[in-house]
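Engineer: See protein_22.cif below, with mmCIF, C-alpha atoms, pLDDT in the B column; chains and numbers go by the auth columns.
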data_model
#
loop_
_atom_site.group_PDB
_atom_site.id
_atom_site.type_symbol
_atom_site.label_atom_id
_atom_site.label_comp_id
_atom_site.label_asym_id
_atom_site.label_seq_id
_atom_site.Cartn_x
_atom_site.Cartn_y
_atom_site.Cartn_z
_atom_site.B_iso_or_equiv
_atom_site.auth_seq_id
_atom_site.auth_asym_id
ATOM 1 C CA MET A 1 3.713 -30.337 -47.000 48.00 1 J
ATOM 2 C CA ALA A 2 2.114 -26.912 -46.604 51.00 2 J
ATOM 3 C CA ALA A 3 4.007 -24.120 -44.884 54.00 3 J
ATOM 4 C CA THR A 4 2.763 -22.992 -41.487 52.00 4 J
ATOM 5 C CA THR A 5 1.318 -19.502 -41.605 52.00 5 J
ATOM 6 C CA ASP A 6 1.057 -16.901 -38.881 53.00 6 J
ATOM 7 C CA TYR A 7 -2.698 -17.455 -39.017 49.00 7 J
ATOM 8 C CA ASP A 8 -2.252 -21.173 -38.253 51.00 8 J
ATOM 9 C CA LEU A 9 -0.059 -20.329 -35.257 49.00 9 J
ATOM 10 C CA ASP A 10 -2.536 -17.726 -34.051 58.00 10 J
ATOM 11 C CA THR A 11 -5.385 -20.221 -34.352 58.00 11 J
ATOM 12 C CA LYS A 12 -3.443 -22.884 -32.460 58.00 12 J
ATOM 13 C CA GLY A 13 -2.430 -20.345 -29.826 58.00 13 J
ATOM 14 C CA ALA A 14 -5.997 -19.110 -29.546 61.00 14 J
ATOM 15 C CA SER A 15 -7.302 -22.631 -29.016 73.00 15 J
ATOM 16 C CA PHE A 16 -4.653 -23.244 -26.345 80.00 16 J
ATOM 17 C CA LEU A 17 -5.736 -20.207 -24.306 83.00 17 J
ATOM 18 C CA THR A 18 -8.863 -20.578 -22.243 88.00 18 J
ATOM 19 C CA ASP A 19 -11.327 -17.840 -21.368 89.00 19 J
ATOM 20 C CA THR A 20 -9.872 -17.933 -17.850 91.00 20 J
ATOM 21 C CA ASP A 21 -6.374 -17.361 -19.287 90.00 21 J
ATOM 22 C CA ARG A 22 -7.690 -14.377 -21.226 90.00 22 J
ATOM 23 C CA LEU A 23 -9.347 -12.972 -18.092 91.00 23 J
ATOM 24 C CA PHE A 24 -6.183 -13.199 -16.018 91.00 24 J
ATOM 25 C CA PHE A 25 -3.996 -11.859 -18.816 93.00 25 J
ATOM 26 C CA LEU A 26 -6.386 -8.909 -19.036 93.00 26 J
ATOM 27 C CA MET A 27 -6.198 -8.380 -15.254 93.00 27 J
ATOM 28 C CA GLU A 28 -2.394 -8.363 -15.491 95.00 28 J
ATOM 29 C CA GLU A 29 -2.497 -5.916 -18.397 95.00 29 J
ATOM 30 C CA VAL A 30 -4.833 -3.542 -16.513 95.00 30 J
ATOM 31 C CA THR A 31 -2.502 -3.676 -13.503 94.00 31 J
ATOM 32 C CA ARG A 32 0.549 -3.045 -15.690 96.00 32 J
ATOM 33 C CA ARG A 33 -1.102 -0.060 -17.380 96.00 33 J
ATOM 34 C CA LEU A 34 -2.242 1.310 -14.026 95.00 34 J
ATOM 35 C CA ARG A 35 1.333 1.102 -12.689 94.00 35 J
ATOM 36 C CA ARG A 36 2.649 2.946 -15.767 95.00 36 J
ATOM 37 C CA THR A 37 -0.051 5.611 -15.488 95.00 37 J
ATOM 38 C CA VAL A 38 0.616 6.160 -11.775 93.00 38 J
ATOM 39 C CA ASP A 39 4.377 6.265 -12.460 93.00 39 J
ATOM 40 C CA SER A 40 3.940 9.073 -14.970 94.00 40 J
ATOM 41 C CA SER A 41 1.464 10.971 -12.772 93.00 41 J
ATOM 42 C CA VAL A 42 3.740 11.047 -9.688 93.00 42 J
ATOM 43 C CA GLU A 43 6.779 12.010 -11.772 93.00 43 J
ATOM 44 C CA GLN A 44 5.609 15.632 -11.661 93.00 44 J
ATOM 45 C CA PHE A 45 6.247 15.564 -7.902 94.00 45 J
ATOM 46 C CA GLY A 46 9.741 14.139 -8.372 93.00 46 J
ATOM 47 C CA LEU A 47 8.674 10.841 -6.826 95.00 47 J
ATOM 48 C CA THR A 48 8.337 7.209 -7.795 94.00 48 J
ATOM 49 C CA ARG A 49 5.270 5.040 -7.279 93.00 49 J
ATOM 50 C CA THR A 50 7.049 3.251 -4.419 94.00 50 J
ATOM 51 C CA GLN A 51 7.818 6.583 -2.741 96.00 51 J
ATOM 52 C CA TRP A 52 4.200 7.692 -3.162 95.00 52 J
ATOM 53 C CA ARG A 53 2.941 4.427 -1.661 94.00 53 J
ATOM 54 C CA THR A 54 5.405 4.771 1.222 97.00 54 J
ATOM 55 C CA LEU A 55 4.121 8.253 1.998 97.00 55 J
ATOM 56 C CA ALA A 56 0.519 7.037 1.789 95.00 56 J
ATOM 57 C CA TYR A 57 1.180 4.172 4.229 96.00 57 J
ATOM 58 C CA LEU A 58 2.963 6.527 6.621 97.00 58 J
ATOM 59 C CA PHE A 59 0.062 8.957 6.480 96.00 59 J
ATOM 60 C CA ARG A 60 -2.347 6.148 7.318 95.00 60 J
ATOM 61 C CA SER A 61 -0.090 4.572 9.969 95.00 61 J
ATOM 62 C CA PRO A 62 2.456 7.084 11.309 94.00 62 J
ATOM 63 C CA GLY A 63 5.646 5.704 12.819 95.00 63 J
ATOM 64 C CA MET A 64 5.856 2.437 10.913 96.00 64 J
ATOM 65 C CA THR A 65 9.182 0.642 11.032 94.00 65 J
ATOM 66 C CA GLN A 66 11.207 -0.185 7.956 92.00 66 J
ATOM 67 C CA THR A 67 10.257 -3.852 8.405 92.00 67 J
ATOM 68 C CA GLU A 68 6.542 -3.019 8.586 95.00 68 J
ATOM 69 C CA LEU A 69 6.771 -0.850 5.477 96.00 69 J
ATOM 70 C CA ALA A 70 8.661 -3.571 3.599 95.00 70 J
ATOM 71 C CA ARG A 71 5.960 -6.103 4.485 94.00 71 J
ATOM 72 C CA GLU A 72 3.075 -3.799 3.484 94.00 72 J
ATOM 73 C CA LEU A 73 4.726 -2.759 0.212 94.00 73 J
ATOM 74 C CA GLU A 74 5.973 -6.295 -0.511 92.00 74 J
ATOM 75 C CA LEU A 75 9.561 -5.113 -0.845 93.00 75 J
ATOM 76 C CA GLU A 76 12.856 -6.270 0.588 94.00 76 J
ATOM 77 C CA ARG A 77 14.045 -4.341 3.644 91.00 77 J
ATOM 78 C CA ALA A 78 17.037 -3.041 1.659 93.00 78 J
ATOM 79 C CA SER A 79 14.760 -1.695 -1.082 94.00 79 J
ATOM 80 C CA ILE A 80 12.482 0.119 1.346 95.00 80 J
ATOM 81 C CA GLY A 81 15.610 1.358 3.134 95.00 81 J
ATOM 82 C CA ARG A 82 16.779 3.035 -0.086 96.00 82 J
ATOM 83 C CA THR A 83 13.293 4.473 -0.583 96.00 83 J
ATOM 84 C CA ILE A 84 13.309 5.936 2.926 97.00 84 J
ATOM 85 C CA ASP A 85 16.835 7.284 2.378 97.00 85 J
ATOM 86 C CA ARG A 86 15.662 9.115 -0.739 97.00 86 J
ATOM 87 C CA LEU A 87 12.551 10.461 1.000 97.00 87 J
ATOM 88 C CA GLU A 88 14.784 11.723 3.813 97.00 88 J
ATOM 89 C CA GLU A 89 16.991 13.490 1.242 97.00 89 J
ATOM 90 C CA LEU A 90 13.838 15.140 -0.123 97.00 90 J
ATOM 91 C CA GLU A 91 12.944 16.141 3.470 97.00 91 J
ATOM 92 C CA LEU A 92 9.629 14.286 3.265 98.00 92 J
ATOM 93 C CA VAL A 93 10.244 11.772 6.069 98.00 93 J
ATOM 94 C CA GLU A 94 12.444 11.342 9.086 97.00 94 J
ATOM 95 C CA ARG A 95 13.573 8.348 11.098 95.00 95 J
ATOM 96 C CA ARG A 96 13.131 8.500 14.863 92.00 96 J
ATOM 97 C CA SER A 97 14.421 5.896 17.281 88.00 97 J
ATOM 98 C CA ALA A 98 11.733 3.867 19.003 82.00 98 J
ATOM 99 C CA LYS A 99 11.266 4.758 22.642 84.00 99 J
ATOM 100 C CA ASN A 100 11.468 1.194 23.919 82.00 100 J
ATOM 101 C CA ASP A 101 14.164 -0.116 21.520 80.00 101 J
ATOM 102 C CA ARG A 102 16.903 2.169 20.234 77.00 102 J
ATOM 103 C CA ARG A 103 17.803 -0.366 17.525 81.00 103 J
ATOM 104 C CA VAL A 104 14.411 0.200 15.874 86.00 104 J
ATOM 105 C CA TRP A 105 13.714 3.278 13.788 90.00 105 J
ATOM 106 C CA ARG A 106 10.208 4.552 13.194 94.00 106 J
ATOM 107 C CA VAL A 107 9.517 6.568 10.064 96.00 107 J
ATOM 108 C CA HIS A 108 7.428 9.726 10.247 97.00 108 J
ATOM 109 C CA LEU A 109 6.178 12.228 7.696 97.00 109 J
ATOM 110 C CA ARG A 110 7.669 15.700 7.749 98.00 110 J
ATOM 111 C CA PRO A 111 5.650 18.881 7.104 97.00 111 J
ATOM 112 C CA ALA A 112 6.661 18.972 3.424 97.00 112 J
ATOM 113 C CA ALA A 113 5.050 15.552 2.909 97.00 113 J
ATOM 114 C CA ILE A 114 1.884 16.646 4.707 96.00 114 J
ATOM 115 C CA GLU A 115 1.672 19.599 2.295 96.00 115 J
ATOM 116 C CA LEU A 116 2.368 17.392 -0.743 96.00 116 J
ATOM 117 C CA LEU A 117 -0.113 14.606 0.003 95.00 117 J
ATOM 118 C CA PRO A 118 -3.314 16.560 -0.873 95.00 118 J
ATOM 119 C CA LYS A 119 -1.845 17.363 -4.315 95.00 119 J
ATOM 120 C CA MET A 120 -0.967 13.725 -4.794 93.00 120 J
ATOM 121 C CA ARG A 121 -4.476 12.746 -3.652 93.00 121 J
ATOM 122 C CA VAL A 122 -5.947 14.887 -6.455 95.00 122 J
ATOM 123 C CA GLU A 123 -3.613 13.241 -8.969 94.00 123 J
ATOM 124 C CA ALA A 124 -4.431 9.730 -7.741 93.00 124 J
ATOM 125 C CA ASP A 125 -8.155 10.474 -7.888 95.00 125 J
ATOM 126 C CA ALA A 126 -7.754 11.644 -11.506 95.00 126 J
ATOM 127 C CA VAL A 127 -5.993 8.378 -12.396 95.00 127 J
ATOM 128 C CA TYR A 128 -8.728 6.353 -10.687 94.00 128 J
ATOM 129 C CA ALA A 129 -11.459 8.357 -12.466 96.00 129 J
ATOM 130 C CA ARG A 130 -9.773 7.579 -15.785 95.00 130 J
ATOM 131 C CA LEU A 131 -9.453 3.892 -14.873 95.00 131 J
ATOM 132 C CA LEU A 132 -13.067 3.563 -13.732 96.00 132 J
ATOM 133 C CA GLY A 133 -14.658 5.845 -16.341 95.00 133 J
ATOM 134 C CA GLY A 134 -17.918 4.512 -17.745 95.00 134 J
ATOM 135 C CA ILE A 135 -18.304 1.806 -15.099 96.00 135 J
ATOM 136 C CA ARG A 136 -21.513 2.028 -13.080 96.00 136 J
ATOM 137 C CA LEU A 137 -21.501 1.880 -9.278 95.00 137 J
ATOM 138 C CA GLY A 138 -23.243 -1.505 -9.219 96.00 138 J
ATOM 139 C CA GLU A 139 -20.627 -2.950 -11.550 97.00 139 J
ATOM 140 C CA LEU A 140 -17.854 -1.611 -9.314 95.00 140 J
ATOM 141 C CA GLU A 141 -19.468 -3.131 -6.231 96.00 141 J
ATOM 142 C CA ARG A 142 -19.700 -6.533 -7.963 97.00 142 J
ATOM 143 C CA LEU A 143 -16.083 -6.238 -9.123 95.00 143 J
ATOM 144 C CA ARG A 144 -14.937 -5.328 -5.602 95.00 144 J
ATOM 145 C CA GLY A 145 -16.795 -8.334 -4.213 96.00 145 J
ATOM 146 C CA SER A 146 -15.341 -10.672 -6.835 95.00 146 J
ATOM 147 C CA LEU A 147 -11.804 -9.435 -6.277 93.00 147 J
ATOM 148 C CA ALA A 148 -12.229 -9.774 -2.506 94.00 148 J
ATOM 149 C CA ARG A 149 -13.352 -13.394 -2.955 95.00 149 J
ATOM 150 C CA MET A 150 -10.353 -14.109 -5.232 92.00 150 J
ATOM 151 C CA HIS A 151 -8.081 -12.566 -2.600 89.00 151 J
ATOM 152 C CA ASP A 152 -9.633 -14.711 0.122 93.00 152 J
ATOM 153 C CA ASN A 153 -9.531 -17.838 -2.071 93.00 153 J
ATOM 154 C CA LEU A 154 -5.778 -17.525 -2.418 91.00 154 J
ATOM 155 C CA GLY A 155 -5.369 -16.901 1.306 86.00 155 J
ATOM 156 C CA SER A 156 -1.969 -16.132 2.653 68.00 156 J
ATOM 157 C CA GLU A 157 1.030 -17.055 0.567 63.00 157 J
ATOM 158 C CA PRO A 158 2.581 -20.485 1.241 58.00 158 J
#
Let me see the file written as structure tokens.

Structural biologist:
Amino acid sequence: MAATTDYDLDTKGASFLTDTDRLFFLMEEVTRRLRRTVDSSVEQFGLTRTQWRTLAYLFRSPGMTQTELARELELERASIGRTIDRLEELELVERRSAKNDRRVWRVHLRPAAIELLPKMRVEADAVYARLLGGIRLGELERLRGSLARMHDNLGSEP
């Protein structure tokens, strides 16, 4: 009986994977690399990707609650709570009690965050330019449309 070689395993593995598998593995790899690239780019500001995203959401929708932020960022309330705690320590956000319910805290950007966000915008744009380099506008529009359809096809999570 002949010994199994790495080539034989690779061939069997390659025949097991479909073109659709390869596409989705590639999508996951692009997403993973993008997360790593963003992580290293926001490090210079002393922040994590989650902290950057939190600031971005608060800029877009001031006064979000911890629960709203957790839902938007797809994090547990405790995790976003720790993120907000750290951003408060850095004097980038503050919690304010809601006017109609003192049990609810709304999170707001502080002036230091407002000053930091344009610098982070430049950094994010540089990452996106690197990611999208060499891709024509028409290709990007088709990709956006395809991704939107995939998003809609999956609908809301069960």

Engineer: Selection in question (the file shown): the PyMOL selection byres ((chain J and resi 86-99) around 10). Which residues does it include, as a ChimeraX atom specification?

Structural biologist: /J:46-47,51-52,54-55,58,63-66,80-85,100-116

Engineer: J:Ser79, J:Arg49, J:Pro118, J:Glu72: which is nearest Leu34 of chain J, counting all atoms listed in the file?

Structural biologist: J:Arg49

Engineer: So the first atom is atom CA of Asp19 of chain J and the second is atom CA of Glu139 of chain J; what is the distance between them in Å, to one decimal place?

Structural biologist: 20.1 Å

Engineer: Mind pulling up the distance from atom CA of Leu147 of chain J to atom CA of Val127 of chain J?

Structural biologist: 19.7 Å

Engineer: Sorted by chain and rising residue number, which residues of segment 42-150 of chain J lie within 12 Å of segment 25-32 of chain J, and what are their closest atom pairs and distances in Å to one decimal, counting only C-alpha atoms, as a tab-separated table?

Structural biologist:
residue	atom	partner	partner_atom	distance
J:Leu131	CA	J:Val30	CA	8.9
J:Leu132	CA	J:Val30	CA	11.2
J:Leu143	CA	J:Met27	CA	11.8
J:Leu147	CA	J:Met27	CA	10.6

Engineer: Evaluated on this file, the PyMOL selection byres ((chain J and resi 40-44) around 12) picks out some residues - which ones are they, written as a ChimeraX atom specification?

Structural biologist: /J:33-39,45-53,116-117,119-128

Engineer: Between J:Leu73, J:Thr67, J:Arg130, J:Met150, which has the minimum distance to Phe24 of chain J (counting all atoms listed in the file)?

Structural biologist: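 Looking at the shortest contact to Phe24 of chain J, the residue is J:Met150.
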
Engineer: Interatomic distance between atom CA of Leu75 of chain J and atom CA of Tyr57 of chain J?

Structural biologist: 13.5 Å

Engineer: Rebuild all heavy atoms on segment 129-140 of chain J, as a compact mmCIF listing (two decimals), in the coordinates of the input?

Structural biologist:
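Wrote result39.txt, looks like this:
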# COMPACT_ATOMS: atom_id res chain seq x y z
N ALA J 129 -10.29 7.96 -11.67
CA ALA J 129 -11.46 8.36 -12.47
C ALA J 129 -11.27 7.90 -13.92
O ALA J 129 -12.22 7.41 -14.54
CB ALA J 129 -11.67 9.87 -12.39
N ARG J 130 -10.07 8.04 -14.42
CA ARG J 130 -9.77 7.58 -15.78
C ARG J 130 -9.92 6.06 -15.87
O ARG J 130 -10.53 5.54 -16.80
CB ARG J 130 -8.36 8.01 -16.16
CG ARG J 130 -7.95 7.61 -17.53
CD ARG J 130 -6.58 8.16 -17.86
NE ARG J 130 -6.06 7.52 -19.04
CZ ARG J 130 -4.79 7.46 -19.36
NH1 ARG J 130 -3.89 8.05 -18.59
NH2 ARG J 130 -4.40 6.85 -20.44
N LEU J 131 -9.39 5.35 -14.90
CA LEU J 131 -9.45 3.89 -14.87
C LEU J 131 -10.90 3.41 -14.82
O LEU J 131 -11.28 2.48 -15.52
CB LEU J 131 -8.69 3.37 -13.65
CG LEU J 131 -8.83 1.87 -13.33
CD1 LEU J 131 -8.09 1.04 -14.37
CD2 LEU J 131 -8.30 1.59 -11.93
N LEU J 132 -11.72 4.05 -14.00
CA LEU J 132 -13.07 3.56 -13.73
C LEU J 132 -14.14 4.25 -14.57
O LEU J 132 -15.33 3.98 -14.39
CB LEU J 132 -13.38 3.73 -12.24
CG LEU J 132 -12.42 3.02 -11.30
CD1 LEU J 132 -12.71 3.38 -9.85
CD2 LEU J 132 -12.45 1.51 -11.51
N GLY J 133 -13.72 5.11 -15.50
CA GLY J 133 -14.66 5.84 -16.34
C GLY J 133 -15.63 4.93 -17.06
O GLY J 133 -15.25 3.90 -17.63
N GLY J 134 -16.90 5.27 -17.03
CA GLY J 134 -17.92 4.51 -17.74
C GLY J 134 -18.39 3.25 -17.04
O GLY J 134 -19.20 2.50 -17.57
N ILE J 135 -17.89 3.00 -15.86
CA ILE J 135 -18.30 1.81 -15.10
C ILE J 135 -19.29 2.26 -14.02
O ILE J 135 -18.99 3.13 -13.22
CB ILE J 135 -17.09 1.10 -14.48
CG1 ILE J 135 -16.09 0.70 -15.56
CG2 ILE J 135 -17.55 -0.12 -13.68
CD1 ILE J 135 -14.79 0.12 -15.03
N ARG J 136 -20.46 1.65 -14.04
CA ARG J 136 -21.51 2.03 -13.08
C ARG J 136 -21.17 1.53 -11.68
O ARG J 136 -20.43 0.57 -11.49
CB ARG J 136 -22.86 1.47 -13.53
CG ARG J 136 -23.35 2.11 -14.83
CD ARG J 136 -24.76 1.66 -15.17
NE ARG J 136 -24.93 0.22 -15.19
CZ ARG J 136 -24.78 -0.55 -16.28
NH1 ARG J 136 -24.46 0.01 -17.43
NH2 ARG J 136 -24.96 -1.86 -16.21
N LEU J 137 -21.75 2.19 -10.69
CA LEU J 137 -21.50 1.88 -9.28
C LEU J 137 -21.80 0.41 -8.96
O LEU J 137 -21.02 -0.27 -8.29
CB LEU J 137 -22.32 2.80 -8.37
CG LEU J 137 -22.13 2.61 -6.86
CD1 LEU J 137 -20.68 2.84 -6.47
CD2 LEU J 137 -23.05 3.54 -6.10
N GLY J 138 -22.90 -0.10 -9.46
CA GLY J 138 -23.24 -1.50 -9.22
C GLY J 138 -22.20 -2.46 -9.78
O GLY J 138 -21.88 -3.48 -9.16
N GLU J 139 -21.68 -2.12 -10.95
CA GLU J 139 -20.63 -2.95 -11.55
C GLU J 139 -19.37 -2.92 -10.68
O GLU J 139 -18.72 -3.95 -10.49
CB GLU J 139 -20.28 -2.44 -12.96
CG GLU J 139 -21.37 -2.64 -13.98
CD GLU J 139 -21.02 -2.00 -15.31
OE1 GLU J 139 -20.85 -0.76 -15.35
OE2 GLU J 139 -20.87 -2.74 -16.30
N LEU J 140 -19.03 -1.74 -10.18
CA LEU J 140 -17.85 -1.61 -9.31
C LEU J 140 -18.03 -2.40 -8.03
O LEU J 140 -17.08 -3.05 -7.56
CB LEU J 140 -17.57 -0.14 -8.98
CG LEU J 140 -16.98 0.69 -10.10
CD1 LEU J 140 -16.87 2.15 -9.67
CD2 LEU J 140 -15.63 0.15 -10.52
